[in-house]
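Notes follow the structure.
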Amino acid sequence: MAVTPRKAKLSIAALLIVVLVFVFHYLGVLRPVENLVMVVVRPFQSGVYGVSQSIRGVYDNWQSGQELQTQIDELREQHLNDLVEQNKFRLLKEEVDYLRQQLDLVENNEWQLQVAHVIGAGQDDNAQTIIIDRGAKHNIEKDMPVITNDGIIVGKVTEVYDYAAIVRLLNDHNSQLAATVYNEAGTVGVAQGEFGLGVKMELIPENEGLATGVLVVTSGLEEKIPRGLVIGNVEKIFGSDEDIFKTATIKLPIDFTKLSIVSVITSR
Amino acid sequence: MIFKGLKYFLLILFIVLIELSILPQTGGWVKMINVFLLILTLIYLTKGFNTALALSLIIGPIMDLYHLILMPSITFCLVVTIFFMDSIFSRLFTNKSYYSFISMILLSVLVYNVLIKGIYGLQTMVTNSDFYLFSWSPSMIGGYLATLLFVNFIAGTILFLSSYFFSNNFKSVILRD
């Protein structure tokens, strides 16, 4: 049975609707409808996301129990090594604490935060996003930074609706953030996401004395993002001694899939 | 009429909540289940082309709203997938069996994901000058697609069994004289 003329017409009509949605969306004509959809879905999303997070918590606990015994054995072995490394880590911790205190405290006091609940997340494995329940009506604008209560940046607001916003997480492949490394050279670069797997920093000059464990923070070069928001620590450095530039992977301090409450910095 | 409208509203809400609030909380391969494609395929086989197309034109833009992909890429991919699915089904299949359902699921998942990944790759190329799309090796693509199809095959089987046991949608009809 071939495709009937009626079906062909319907398909053309559907594609025409797709084109109209494209045009009207970018003209902003559909904005009221989009906001209405967000308003209708938001309460349900909020509830379901909370429940699913609780279920995940139970599952994680159960899984933790299974892994606990293995971890104990591994930890015993590690303990000996750790004693040797302990002194090094203590010094490093002191340095991190000190640097954190230095992170533009004056600026911190001038931040205005908008607390938001995470009500959903992008499901596509290409895009790492979360949906928050605050939007333009709560003074949220595009490109504002989203942080946790510890001052760790998790991403930037990318799309704003009246009562909701979509945040592109740092580990999204299209996420780019001006960053600086807390080393002597104050290496500046761009922290870029890698398909949800992590964050990397590229084009680091070879002579800038990069070391693993060093703190990476926002550089403050972006208009709406203050300096000093913690991104993570340098985990691995790639590139041979002969390379002019090196690449570093950044270990993120938190698991983005477990976010439930975040804050948006609405003014600096 | 109101009841029917309410039924579809709840179905759409169910799909949106599963996609945006539940699946993202799950780990690894569970996230690869394309719930809206599975349900659209089921709707296509049980309610027909028109209903599936109409539903894709409602679910698609909603999903587009929540994803940072060129609007309305998801809607476009869904419409093309349904059209493609209909072309294949009307030419090659003679009945609505488990095999045809699973074949349609696998076909729709394959078509949809190739389209959406292609659009996303092109978007990344244009916005970030990032040509990652061309850096994937055939083995990586093959491995990804194999996992994707396997996961959706399992999910499709569960959906078929649920539909079989809790409705008359796939019950065979015996003609008596």
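Labeling convention for the structure tokens: chains A, B, ... as they appear, residues from 1 per chain, ligands from 1 in order of appearance.
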
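Within 12 Å of B:Tyr8, once only C-alpha atoms are used and residues closer than 2 positions along the same chain are dropped, the contacting residues are Met1, Ile2, Phe3, Lys4, Gly5, Leu6, Leu10, Leu11, Ile12, Leu13, Phe14, Ile15, Ile39, Ile43, Thr51, Ala52, Ala54, Leu55, Ser56, Ile58 and Ile59 of chain B.
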
Within 6 Å of chain A, which residues of chain B show up? Give each one with its shortest atom-to-atom distance in Å (one decimal) and the two atoms involved, counting only C-alpha atoms, rows by chain then rising residue number, as CSV.
residue,atom,partner,partner_atom,distance
B:Leu20,CA,A:Gly120,CA,5.2
B:Ser21,CA,A:Gly120,CA,4.6
B:Ile22,CA,A:Ser52,CA,5.7
B:Pro24,CA,A:Gln123,CA,5.4
B:His67,CA,A:Gly122,CA,5.9
B:Met71,CA,A:Phe22,CA,5.8
B:Pro72,CA,A:Phe22,CA,5.8
B:Ser90,CA,A:Met1,CA,5.5
B:Arg91,CA,A:Met1,CA,5.4

Check stretch 33-243 of chain A with DSSP on the backbone and list each residue it calls strand (DSSP E), as a ChimeraX atom specification. /A:112-121,129-132,145-147,153-160,165-169,176-181,188-193,199-205,215-218,230-238

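Taking only C-alpha atoms, the non-local environment of A:Leu215 within 8 Å (same-chain residues fewer than 3 positions away omitted) comprises Val96, Val181, Tyr182, Val230, Ile231, Gly232, Asn233 and Val234 of chain A.
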
Just to be explicit: take each residue in the selection above, keep N, CA and C atoms, and write the result as a CSV table (one decimal), in the first residue's frame.
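Resulting contents of out10.csv:
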chain,number,residue,atom,x,y,z
A,96,VAL,N,44.0,26.0,49.8
A,96,VAL,CA,42.6,26.1,49.2
A,96,VAL,C,41.7,27.0,50.1
A,181,VAL,N,43.1,29.7,36.7
A,181,VAL,CA,43.7,28.7,37.6
A,181,VAL,C,44.5,29.4,38.7
A,182,TYR,N,44.3,28.9,39.9
A,182,TYR,CA,45.0,29.5,41.0
A,182,TYR,C,46.4,29.0,41.1
A,230,VAL,N,33.9,28.8,42.4
A,230,VAL,CA,34.7,27.6,42.2
A,230,VAL,C,34.1,26.7,41.1
A,231,ILE,N,35.0,26.3,40.2
A,231,ILE,CA,34.6,25.4,39.1
A,231,ILE,C,35.1,24.0,39.5
A,232,GLY,N,36.3,23.8,40.0
A,232,GLY,CA,36.8,22.5,40.4
A,232,GLY,C,38.3,22.5,40.6
A,233,ASN,N,38.9,21.4,40.6
A,233,ASN,CA,40.3,21.2,40.7
A,233,ASN,C,40.9,20.6,39.5
A,234,VAL,N,42.1,21.0,39.1
A,234,VAL,CA,42.8,20.3,38.0
A,234,VAL,C,43.0,18.8,38.4

Can you tell me which residues surround stretch 163-173 of chain B at a distance of at most 12 Å, considering only C-alpha atoms, apart from same-chain residues fewer than 2 positions away, and format the answer as a list in words?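 Near neighbours after the sequence-gap exclusion: Leu38, Ile39, Leu42, Ile43, Tyr44, Leu45, Thr46, Lys47, Gly48, Asn95, Lys96, Ser97, Tyr98, Tyr99, Ser100, Phe101, Gly156, Thr157, Ile158, Leu159, Phe160, Leu161, Leu175 and Arg176 of chain B.
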
Interatomic distance, atom CA of B:Thr75 to atom CA of B:Leu122 (Å, one decimal): 16.8 Å

For B:Val80, work out the shell of residues within 10 Å, counting only C-alpha atoms and skipping chain neighbours fewer than 6 positions away, then give it as an NGL selection string. (:A and (11 or 14-15)) or (:B and (53 or 74 or 86 or 108 or 111-112 or 115))

File of the preceding selection, C-alpha atoms, as a PDB file, in the first residue's frame:
ATOM      1  CA  SER A  11       2.633  15.311   6.292  1.00  0.00           C
ATOM      2  CA  ALA A  14       2.740  18.973   9.622  1.00  0.00           C
ATOM      3  CA  LEU A  15       6.024  20.169   8.171  1.00  0.00           C
TER       4      LEU A  15
ATOM      5  CA  LEU B  53       1.044  12.850  13.818  1.00  0.00           C
ATOM      6  CA  ILE B  74      12.521  17.631  18.047  1.00  0.00           C
ATOM      7  CA  ASP B  86       4.121   4.959   8.087  1.00  0.00           C
ATOM      8  CA  SER B 108      11.667   4.949  14.718  1.00  0.00           C
ATOM      9  CA  VAL B 111      15.617   7.360  12.386  1.00  0.00           C
ATOM     10  CA  TYR B 112      14.838   9.812  15.182  1.00  0.00           C
ATOM     11  CA  LEU B 115      18.235  12.909  12.756  1.00  0.00           C
TER      12      LEU B 115
END

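Distance check against B:Leu149 using only C-alpha atoms: of B:Met32, B:Leu57, B:Leu92, B:Val16, the minimum falls on B:Met32.
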